[in-house]
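Peer 1: So here's data_16.pdb (PDB, C-alpha atoms and all ligand atoms).
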ATOM      1  CA  MET A  24       0.000   0.000   0.000  1.00  0.00           C
ATOM      2  CA  VAL A  25       2.757   2.433   0.919  1.00  0.00           C
ATOM      3  CA  LYS A  26       4.928   2.847  -2.138  1.00  0.00           C
ATOM      4  CA  LYS A  27       7.944   4.462  -0.569  1.00  0.00           C
ATOM      5  CA  GLY A  28      10.681   2.061   0.561  1.00  0.00           C
ATOM      6  CA  ILE A  29      12.061   1.877   4.081  1.00  0.00           C
ATOM      7  CA  LEU A  30      15.281   3.609   4.960  1.00  0.00           C
ATOM      8  CA  VAL A  31      17.304   1.112   6.997  1.00  0.00           C
ATOM      9  CA  VAL A  32      20.422   2.191   8.845  1.00  0.00           C
ATOM     10  CA  VAL A  33      22.712  -0.691   9.775  1.00  0.00           C
ATOM     11  CA  SER A  34      25.559  -0.047  12.188  1.00  0.00           C
ATOM     12  CA  GLY A  35      27.708  -2.255  14.349  1.00  0.00           C
ATOM     13  CA  PHE A  36      31.171  -2.479  15.767  1.00  0.00           C
ATOM     14  CA  SER A  37      33.908  -2.814  13.198  1.00  0.00           C
ATOM     15  CA  GLY A  38      34.235  -6.587  12.673  1.00  0.00           C
ATOM     16  CA  ALA A  39      30.591  -7.341  13.508  1.00  0.00           C
ATOM     17  CA  GLY A  40      30.097  -8.848  10.050  1.00  0.00           C
ATOM     18  CA  LYS A  41      27.730  -6.197   8.635  1.00  0.00           C
ATOM     19  CA  GLY A  42      29.087  -6.405   5.094  1.00  0.00           C
ATOM     20  CA  THR A  43      28.649 -10.184   4.807  1.00  0.00           C
ATOM     21  CA  LEU A  44      25.183  -9.994   6.326  1.00  0.00           C
ATOM     22  CA  LEU A  45      23.929  -7.313   3.979  1.00  0.00           C
ATOM     23  CA  LYS A  46      25.323  -9.067   0.904  1.00  0.00           C
ATOM     24  CA  LYS A  47      23.427 -12.214   1.899  1.00  0.00           C
ATOM     25  CA  LEU A  48      20.251 -10.270   2.660  1.00  0.00           C
ATOM     26  CA  ILE A  49      20.324  -8.666  -0.802  1.00  0.00           C
ATOM     27  CA  ALA A  50      21.143 -11.958  -2.539  1.00  0.00           C
ATOM     28  CA  GLU A  51      18.227 -13.757  -0.865  1.00  0.00           C
ATOM     29  CA  HIS A  52      15.546 -11.081  -1.066  1.00  0.00           C
ATOM     30  CA  GLU A  53      14.315  -8.689  -3.716  1.00  0.00           C
ATOM     31  CA  ASN A  54      13.506  -5.095  -3.085  1.00  0.00           C
ATOM     32  CA  TYR A  55      16.676  -4.008  -1.331  1.00  0.00           C
ATOM     33  CA  ALA A  56      19.168  -1.426  -2.557  1.00  0.00           C
ATOM     34  CA  LEU A  57      22.532  -0.955  -0.890  1.00  0.00           C
ATOM     35  CA  SER A  58      23.806   2.596  -0.842  1.00  0.00           C
ATOM     36  CA  VAL A  59      27.479   2.868  -1.848  1.00  0.00           C
ATOM     37  CA  SER A  60      29.217   5.369   0.411  1.00  0.00           C
ATOM     38  CA  MET A  61      31.925   7.802  -0.459  1.00  0.00           C
ATOM     39  CA  THR A  62      35.179   7.625   1.511  1.00  0.00           C
ATOM     40  CA  THR A  63      38.659   9.081   1.643  1.00  0.00           C
ATOM     41  CA  ARG A  64      40.211   5.912   3.108  1.00  0.00           C
ATOM     42  CA  SER A  65      42.486   3.843   0.889  1.00  0.00           C
ATOM     43  CA  LYS A  66      41.137   0.909  -1.020  1.00  0.00           C
ATOM     44  CA  ARG A  67      41.705  -2.503   0.604  1.00  0.00           C
ATOM     45  CA  GLU A  68      42.872  -5.436  -1.454  1.00  0.00           C
ATOM     46  CA  GLY A  69      39.933  -6.842  -3.408  1.00  0.00           C
ATOM     47  CA  GLU A  70      37.777  -3.733  -3.068  1.00  0.00           C
ATOM     48  CA  VAL A  71      36.351  -2.191  -6.224  1.00  0.00           C
ATOM     49  CA  ASP A  72      35.692   1.508  -6.740  1.00  0.00           C
ATOM     50  CA  GLY A  73      31.965   2.132  -7.242  1.00  0.00           C
ATOM     51  CA  ARG A  74      31.009  -1.259  -5.776  1.00  0.00           C
ATOM     52  CA  ASP A  75      32.444  -1.220  -2.254  1.00  0.00           C
ATOM     53  CA  TYR A  76      32.883   2.542  -1.985  1.00  0.00           C
ATOM     54  CA  HIS A  77      33.354   5.569  -4.163  1.00  0.00           C
ATOM     55  CA  PHE A  78      36.981   6.263  -3.265  1.00  0.00           C
ATOM     56  CA  VAL A  79      37.703   9.986  -3.466  1.00  0.00           C
ATOM     57  CA  SER A  80      40.280  12.540  -2.308  1.00  0.00           C
ATOM     58  CA  ARG A  81      39.709  14.791   0.715  1.00  0.00           C
ATOM     59  CA  ASP A  82      39.226  17.757  -1.656  1.00  0.00           C
ATOM     60  CA  GLU A  83      36.514  15.955  -3.631  1.00  0.00           C
ATOM     61  CA  PHE A  84      34.797  14.892  -0.415  1.00  0.00           C
ATOM     62  CA  GLU A  85      34.863  18.418   0.996  1.00  0.00           C
ATOM     63  CA  GLU A  86      33.467  19.833  -2.267  1.00  0.00           C
ATOM     64  CA  ARG A  87      30.521  17.477  -1.958  1.00  0.00           C
ATOM     65  CA  ILE A  88      29.949  18.499   1.669  1.00  0.00           C
ATOM     66  CA  ALA A  89      29.880  22.150   0.525  1.00  0.00           C
ATOM     67  CA  ALA A  90      27.371  21.283  -2.213  1.00  0.00           C
ATOM     68  CA  ALA A  91      25.105  19.588   0.396  1.00  0.00           C
ATOM     69  CA  GLY A  92      25.423  16.300  -1.481  1.00  0.00           C
ATOM     70  CA  PHE A  93      25.397  14.018   1.586  1.00  0.00           C
ATOM     71  CA  VAL A  94      22.498  12.749   3.698  1.00  0.00           C
ATOM     72  CA  GLU A  95      25.095  12.407   6.445  1.00  0.00           C
ATOM     73  CA  HIS A  96      28.840  12.254   6.757  1.00  0.00           C
ATOM     74  CA  ALA A  97      31.312  11.513   9.528  1.00  0.00           C
ATOM     75  CA  THR A  98      34.966  11.038  10.319  1.00  0.00           C
ATOM     76  CA  TYR A  99      35.973   7.531  11.340  1.00  0.00           C
ATOM     77  CA  VAL A 100      39.525   6.654  12.443  1.00  0.00           C
ATOM     78  CA  GLY A 101      40.956   9.589  10.472  1.00  0.00           C
ATOM     79  CA  ASN A 102      38.937   9.295   7.266  1.00  0.00           C
ATOM     80  CA  TYR A 103      35.752  10.799   5.878  1.00  0.00           C
ATOM     81  CA  TYR A 104      32.754   8.587   5.068  1.00  0.00           C
ATOM     82  CA  GLY A 105      29.420   9.823   3.684  1.00  0.00           C
ATOM     83  CA  THR A 106      26.110   8.753   2.121  1.00  0.00           C
ATOM     84  CA  PRO A 107      25.309  10.417  -1.216  1.00  0.00           C
ATOM     85  CA  THR A 108      21.761  11.839  -1.184  1.00  0.00           C
ATOM     86  CA  ASP A 109      20.766  11.293  -4.822  1.00  0.00           C
ATOM     87  CA  TYR A 110      20.932   7.467  -5.020  1.00  0.00           C
ATOM     88  CA  MET A 111      19.152   6.995  -1.681  1.00  0.00           C
ATOM     89  CA  GLU A 112      16.246   9.257  -2.637  1.00  0.00           C
ATOM     90  CA  LYS A 113      15.865   7.713  -6.080  1.00  0.00           C
ATOM     91  CA  MET A 114      15.678   4.171  -4.688  1.00  0.00           C
ATOM     92  CA  LEU A 115      13.247   5.041  -1.870  1.00  0.00           C
ATOM     93  CA  ALA A 116      10.950   6.728  -4.383  1.00  0.00           C
ATOM     94  CA  VAL A 117      10.718   3.562  -6.495  1.00  0.00           C
ATOM     95  CA  GLY A 118       9.838   1.496  -3.424  1.00  0.00           C
ATOM     96  CA  LYS A 119      13.201  -0.087  -2.610  1.00  0.00           C
ATOM     97  CA  ASN A 120      14.262  -0.590   0.993  1.00  0.00           C
ATOM     98  CA  VAL A 121      17.543   1.291   1.102  1.00  0.00           C
ATOM     99  CA  LEU A 122      20.327  -0.074   3.313  1.00  0.00           C
ATOM    100  CA  LEU A 123      22.893   2.351   4.717  1.00  0.00           C
ATOM    101  CA  GLU A 124      25.819   0.579   6.336  1.00  0.00           C
ATOM    102  CA  ILE A 125      27.181   3.438   8.401  1.00  0.00           C
ATOM    103  CA  GLU A 126      28.732   4.178  11.777  1.00  0.00           C
ATOM    104  CA  ILE A 127      26.983   5.699  14.738  1.00  0.00           C
ATOM    105  CA  GLN A 128      27.567   9.464  14.247  1.00  0.00           C
ATOM    106  CA  GLY A 129      26.124   9.198  10.746  1.00  0.00           C
ATOM    107  CA  ALA A 130      23.231   7.044  11.965  1.00  0.00           C
ATOM    108  CA  LEU A 131      22.225   9.704  14.476  1.00  0.00           C
ATOM    109  CA  GLN A 132      22.335  12.387  11.756  1.00  0.00           C
ATOM    110  CA  VAL A 133      20.033  10.236   9.594  1.00  0.00           C
ATOM    111  CA  LYS A 134      17.628   9.771  12.506  1.00  0.00           C
ATOM    112  CA  LYS A 135      17.400  13.548  12.948  1.00  0.00           C
ATOM    113  CA  LYS A 136      16.804  14.208   9.248  1.00  0.00           C
ATOM    114  CA  CYS A 137      14.570  11.187   8.576  1.00  0.00           C
ATOM    115  CA  PRO A 138      12.812  10.200  11.833  1.00  0.00           C
ATOM    116  CA  GLU A 139      10.989   7.375  10.046  1.00  0.00           C
ATOM    117  CA  ALA A 140      14.299   5.567   9.371  1.00  0.00           C
ATOM    118  CA  LEU A 141      14.780   2.170  11.009  1.00  0.00           C
ATOM    119  CA  LEU A 142      18.030   1.941  12.997  1.00  0.00           C
ATOM    120  CA  LEU A 143      19.544  -1.531  13.497  1.00  0.00           C
ATOM    121  CA  PHE A 144      22.686  -2.307  15.462  1.00  0.00           C
ATOM    122  CA  ILE A 145      24.564  -5.528  14.678  1.00  0.00           C
ATOM    123  CA  THR A 146      26.835  -7.061  17.269  1.00  0.00           C
ATOM    124  CA  PRO A 147      28.805 -10.291  17.605  1.00  0.00           C
ATOM    125  CA  PRO A 148      27.730 -12.395  20.614  1.00  0.00           C
ATOM    126  CA  ASN A 149      30.599 -11.070  22.774  1.00  0.00           C
ATOM    127  CA  VAL A 150      33.721  -8.901  22.799  1.00  0.00           C
ATOM    128  CA  THR A 151      36.186 -11.801  22.494  1.00  0.00           C
ATOM    129  CA  GLU A 152      34.470 -12.818  19.275  1.00  0.00           C
ATOM    130  CA  LEU A 153      34.560  -9.203  18.055  1.00  0.00           C
ATOM    131  CA  LYS A 154      38.335  -9.019  18.523  1.00  0.00           C
ATOM    132  CA  ARG A 155      38.817 -12.446  16.941  1.00  0.00           C
ATOM    133  CA  ARG A 156      36.875 -11.403  13.814  1.00  0.00           C
ATOM    134  CA  LEU A 157      38.789  -8.145  13.474  1.00  0.00           C
ATOM    135  CA  ILE A 158      42.150  -9.896  13.672  1.00  0.00           C
ATOM    136  CA  LYS A 159      41.046 -12.782  11.433  1.00  0.00           C
ATOM    137  CA  ARG A 160      40.018 -10.339   8.695  1.00  0.00           C
ATOM    138  CA  GLY A 161      43.717  -9.513   8.426  1.00  0.00           C
ATOM    139  CA  THR A 162      43.155  -6.346   6.424  1.00  0.00           C
ATOM    140  CA  GLU A 163      44.190  -3.947   9.177  1.00  0.00           C
ATOM    141  CA  SER A 164      47.437  -3.331  11.020  1.00  0.00           C
ATOM    142  CA  GLU A 165      47.629  -4.045  14.754  1.00  0.00           C
ATOM    143  CA  GLU A 166      47.442  -0.303  15.403  1.00  0.00           C
ATOM    144  CA  VAL A 167      44.219   0.095  13.362  1.00  0.00           C
ATOM    145  CA  VAL A 168      42.650  -2.949  15.086  1.00  0.00           C
ATOM    146  CA  ARG A 169      43.452  -1.305  18.425  1.00  0.00           C
ATOM    147  CA  LYS A 170      41.925   2.015  17.279  1.00  0.00           C
ATOM    148  CA  ARG A 171      38.810   0.250  16.024  1.00  0.00           C
ATOM    149  CA  LEU A 172      38.347  -1.562  19.352  1.00  0.00           C
ATOM    150  CA  HIS A 173      38.845   1.732  21.179  1.00  0.00           C
ATOM    151  CA  ARG A 174      36.202   3.287  18.935  1.00  0.00           C
ATOM    152  CA  ALA A 175      33.810   0.439  19.890  1.00  0.00           C
ATOM    153  CA  CYS A 176      34.180   1.482  23.573  1.00  0.00           C
ATOM    154  CA  GLU A 177      33.251   5.061  22.653  1.00  0.00           C
ATOM    155  CA  GLU A 178      30.289   3.971  20.521  1.00  0.00           C
ATOM    156  CA  VAL A 179      28.619   1.689  23.018  1.00  0.00           C
ATOM    157  CA  ASP A 180      26.557   4.440  24.725  1.00  0.00           C
ATOM    158  CA  GLY A 181      25.045   5.542  21.411  1.00  0.00           C
ATOM    159  CA  VAL A 182      23.453   2.113  20.931  1.00  0.00           C
ATOM    160  CA  GLU A 183      20.488   3.241  23.050  1.00  0.00           C
ATOM    161  CA  GLU A 184      19.322   5.372  20.123  1.00  0.00           C
ATOM    162  CA  TYR A 185      18.792   2.329  17.890  1.00  0.00           C
ATOM    163  CA  ASP A 186      15.445   0.612  17.318  1.00  0.00           C
ATOM    164  CA  PHE A 187      16.760  -2.987  17.398  1.00  0.00           C
ATOM    165  CA  ILE A 188      19.913  -4.839  18.342  1.00  0.00           C
ATOM    166  CA  VAL A 189      20.599  -7.878  16.177  1.00  0.00           C
ATOM    167  CA  ILE A 190      23.088 -10.517  17.323  1.00  0.00           C
ATOM    168  CA  ASN A 191      25.222 -11.967  14.566  1.00  0.00           C
ATOM    169  CA  ASP A 192      26.157 -15.397  15.864  1.00  0.00           C
ATOM    170  CA  ASP A 193      24.746 -17.630  13.149  1.00  0.00           C
ATOM    171  CA  LEU A 194      24.738 -15.893   9.738  1.00  0.00           C
ATOM    172  CA  ASP A 195      21.546 -17.495   8.331  1.00  0.00           C
ATOM    173  CA  GLU A 196      19.616 -16.811  11.500  1.00  0.00           C
ATOM    174  CA  CYS A 197      20.796 -13.222  11.566  1.00  0.00           C
ATOM    175  CA  VAL A 198      19.720 -12.614   7.945  1.00  0.00           C
ATOM    176  CA  ARG A 199      16.291 -14.057   8.804  1.00  0.00           C
ATOM    177  CA  ASP A 200      16.043 -11.750  11.833  1.00  0.00           C
ATOM    178  CA  LEU A 201      17.050  -8.709   9.802  1.00  0.00           C
ATOM    179  CA  HIS A 202      14.564  -9.385   7.021  1.00  0.00           C
ATOM    180  CA  GLY A 203      11.806 -10.051   9.563  1.00  0.00           C
ATOM    181  CA  ILE A 204      12.401  -6.772  11.379  1.00  0.00           C
ATOM    182  CA  ILE A 205      12.526  -4.766   8.137  1.00  0.00           C
ATOM    183  CA  THR A 206       9.350  -6.415   6.811  1.00  0.00           C
ATOM    184  CA  ALA A 207       7.518  -5.664  10.058  1.00  0.00           C
ATOM    185  CA  ALA A 208       8.697  -2.031   9.902  1.00  0.00           C
ATOM    186  CA  ARG A 209       6.546  -1.477   6.810  1.00  0.00           C
ATOM    187  CA  PHE A 210       3.657  -1.251   9.254  1.00  0.00           C
ATOM    188  CA  ALA A 211       5.350   0.802  11.974  1.00  0.00           C
ATOM    189  CA  PRO A 212       3.610   3.926  13.363  1.00  0.00           C
ATOM    190  CA  THR A 213       6.378   6.124  11.913  1.00  0.00           C
ATOM    191  CA  ARG A 214       5.014   5.303   8.455  1.00  0.00           C
ATOM    192  CA  ILE A 215       1.394   6.228   9.158  1.00  0.00           C
ATOM    193  CA  LYS A 216       1.780   9.603   7.389  1.00  0.00           C
ATOM    194  CA  ASP A 217       2.955   7.845   4.219  1.00  0.00           C
ATOM    195  CA  PHE A 218       0.110   5.379   4.566  1.00  0.00           C
ATOM    196  CA  ILE A 219      -2.528   8.142   4.834  1.00  0.00           C
ATOM    197  CA  GLN A 220      -0.994  10.014   1.900  1.00  0.00           C
ATOM    198  CA  THR A 221      -1.054   6.902  -0.310  1.00  0.00           C
ATOM    199  CA  ILE A 222      -4.642   6.056   0.599  1.00  0.00           C
ATOM    200  CA  LYS A 223      -5.707   9.650  -0.166  1.00  0.00           C
ATOM    201  CA  GLU A 224      -4.012   9.537  -3.562  1.00  0.00           C
ATOM    202  CA  GLU A 225      -5.613   6.186  -4.377  1.00  0.00           C
ATOM    203  CA  LEU A 226      -9.058   7.429  -3.288  1.00  0.00           C
ATOM    204  CA  LEU A 227      -8.614  10.538  -5.437  1.00  0.00           C
ATOM    205  CA  GLU A 228      -7.811   8.331  -8.397  1.00  0.00           C
ATOM    206  CA  LEU A 229     -11.101   6.504  -7.788  1.00  0.00           C
ATOM    207  CA  GLU A 230     -12.784   9.938  -7.541  1.00  0.00           C
ATOM    208  CA  CYS A 231     -14.522   9.269  -4.255  1.00  0.00           C
TER     209      CYS A 231
HETATM  210  P1  LIG B   1      35.452   0.432   6.819  1.00  0.00           P
HETATM  211  O1  LIG B   1      36.651   1.328   6.727  1.00  0.00           O
HETATM  212  O2  LIG B   1      35.690  -0.749   7.711  1.00  0.00           O
HETATM  213  O3  LIG B   1      34.904   0.058   5.461  1.00  0.00           O
HETATM  214  O4  LIG B   1      34.293   1.295   7.533  1.00  0.00           O
HETATM  215  C1  LIG B   1      34.529   1.915   8.752  1.00  0.00           C
HETATM  216  C2  LIG B   1      33.210   2.363   9.349  1.00  0.00           C
HETATM  217  O5  LIG B   1      32.628   3.379   8.531  1.00  0.00           O
HETATM  218  C3  LIG B   1      32.172   1.251   9.439  1.00  0.00           C
HETATM  219  O6  LIG B   1      31.563   1.319  10.723  1.00  0.00           O
HETATM  220  C4  LIG B   1      31.181   1.601   8.350  1.00  0.00           C
HETATM  221  O7  LIG B   1      29.882   1.147   8.680  1.00  0.00           O
HETATM  222  C5  LIG B   1      31.260   3.112   8.367  1.00  0.00           C
HETATM  223  N1  LIG B   1      30.777   3.732   7.132  1.00  0.00           N
HETATM  224  C6  LIG B   1      30.826   3.254   5.873  1.00  0.00           C
HETATM  225  N2  LIG B   1      30.238   4.108   5.033  1.00  0.00           N
HETATM  226  C7  LIG B   1      29.785   5.152   5.773  1.00  0.00           C
HETATM  227  C8  LIG B   1      29.061   6.350   5.470  1.00  0.00           C
HETATM  228  O8  LIG B   1      28.681   6.650   4.345  1.00  0.00           O
HETATM  229  N3  LIG B   1      28.785   7.176   6.513  1.00  0.00           N
HETATM  230  C9  LIG B   1      29.163   6.914   7.786  1.00  0.00           C
HETATM  231  N4  LIG B   1      28.814   7.776   8.716  1.00  0.00           N
HETATM  232  N5  LIG B   1      29.829   5.774   8.110  1.00  0.00           N
HETATM  233  C10 LIG B   1      30.140   4.912   7.115  1.00  0.00           C
END
Would you give me this structure, written as structure tokens?

Peer 2:
Amino acid sequence: MVKKGILVVVSGFSGAGKGTLLKKLIAEHENYALSVSMTTRSKREGEVDGRDYHFVSRDEFEERIAAAGFVEHATYVGNYYGTPTDYMEKMLAVGKNVLLEIEIQGALQVKKKCPEALLLFITPPNVTELKRRLIKRGTESEEVVRKRLHRACEEVDGVEEYDFIVINDDLDECVRDLHGIITAARFAPTRIKDFIQTIKEELLELEC
């Protein structure tokens, strides 16, 4: 009934497995669009420009900030990250549920701008597992792993602002949980305005 898609913000400690989860969610279900962020961090081995991120220079990023081209942007461990506005709006308008995989500062900016957004926080079952996954990934130096764990300590208080916490222990189960929550959110009170608007438009079309 409501045509507009759901804006879904997915955050979680670095190493929580968000990327893998979202890829699986998109592969198994239609109607999702993953927003590709812009960043000034260097490309990791295996990453592709335009697929994993739009990799840009600090100057390019700052130009886009000045042109108000981001829904939100933040600095994370020394680099800029931001969500381009145009793609997100286009996808929502055609009814796609848009996934933003972003950190907590950005998530809170989205919540302010778009109060109807659904905020999900992904966490491994415990901190030992979090550290194990970060080290196992092997893409970061020891120093960056340490900084990312430190950042997790700072972020933990912000988790209260989220709508749901999702525990990523078993991947399949977690994808099922995520999809279930997002499907249920179609009928959340925050979307009542959209619902009324759609019904009015449909009634007008029927000329009642
Ligand atoms: P990574 O460098 O590991 O790819 O990402 C570092 C952190 O930045 C992760 O928590 C990721 O979710 C977050 N991130 C990725 N894209 C964006 C974005 O567009 N905006 C914000 N605020 N955070 C982002």

Peer 1: What's around A:Thr151 at 12 Å? Count all atoms listed in the file, leave out sequence neighbours fewer than 4 positions away in its own chain, and write the answer as a PyMOL selection string.

Peer 2: chain A and resi 38-39+146-147+155-158+172

Peer 1: Can you write out the residues you just picked, keeping C-alpha atoms, as a PDB file, in the coordinates of the input?

Peer 2:
ATOM      1  CA  GLY A  38      34.235  -6.587  12.673  1.00  0.00           C
ATOM      2  CA  ALA A  39      30.591  -7.341  13.508  1.00  0.00           C
ATOM      3  CA  THR A 146      26.835  -7.061  17.269  1.00  0.00           C
ATOM      4  CA  PRO A 147      28.805 -10.291  17.605  1.00  0.00           C
ATOM      5  CA  ARG A 155      38.817 -12.446  16.941  1.00  0.00           C
ATOM      6  CA  ARG A 156      36.875 -11.403  13.814  1.00  0.00           C
ATOM      7  CA  LEU A 157      38.789  -8.145  13.474  1.00  0.00           C
ATOM      8  CA  ILE A 158      42.150  -9.896  13.672  1.00  0.00           C
ATOM      9  CA  LEU A 172      38.347  -1.562  19.352  1.00  0.00           C
TER      10      LEU A 172
END

Peer 1: Taking every listed atom of stretch 212-226 of chain A and adding 8 Å to each side, what centre and edge lengths in Å (one decimal) does the axis-aligned box have, as JSON?

Peer 2:
{"center_x": -1.3, "center_y": 7.0, "center_z": 4.5, "size_x": 31.4, "size_y": 22.1, "size_z": 33.7}

Peer 1: Using all atoms listed in the file, what are the residues with an atom within 9 Å of ligand LIG 1 (chain B), set out as a PyMOL selection string?

Peer 2: chain A and resi 33-38+41-42+58-62+64-67+75-76+93-100+102-107+123-132+171

Peer 1: Care to translate the PyMOL selection byres (((chain A and resi 148) around 7) and not hetatm) into actual residues of this file, as a PyMOL selection string?

Peer 2: chain A and resi 146-147+149+152+190-192

Peer 1: Could you check how far atom CA of A:Ile145 sits from atom CA of A:Asp186, in Å to one decimal?

Peer 2: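 For atom CA of A:Ile145 relative to atom CA of A:Asp186, the distance reads 11.3 Å.
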
Peer 1: Rank nothing, just name the residue among A:Gly181, A:His202, A:Lys216, A:Tyr55 nearest to A:Val117, using all atoms listed in the file.

Peer 2: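 Under the stated criterion, the closest residue is A:Tyr55.
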
Peer 1: Figure out the distance between atom CA of A:Leu44 and atom CA of A:Asp200, please, to one decimal in Å.

Peer 2: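 Straight-line distance from atom CA of A:Asp200 to atom CA of A:Leu44 works out to 10.8 Å.
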
Peer 1: Can you list, as a PyMOL selection string, every protein, DNA or RNA residue that comes within 8 Å of A:Val31 when you count only C-alpha atoms, leaving out same-chain residues fewer than 2 positions away?

Peer 2: chain A and resi 29+33+120-123+140-143+205

Peer 1: Atom CA of A:Thr63 to atom CA of A:Val79: how many Å, to one decimal?

Peer 2: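 Taking atom CA of A:Thr63 and atom CA of A:Val79, their separation equals 5.3 Å.
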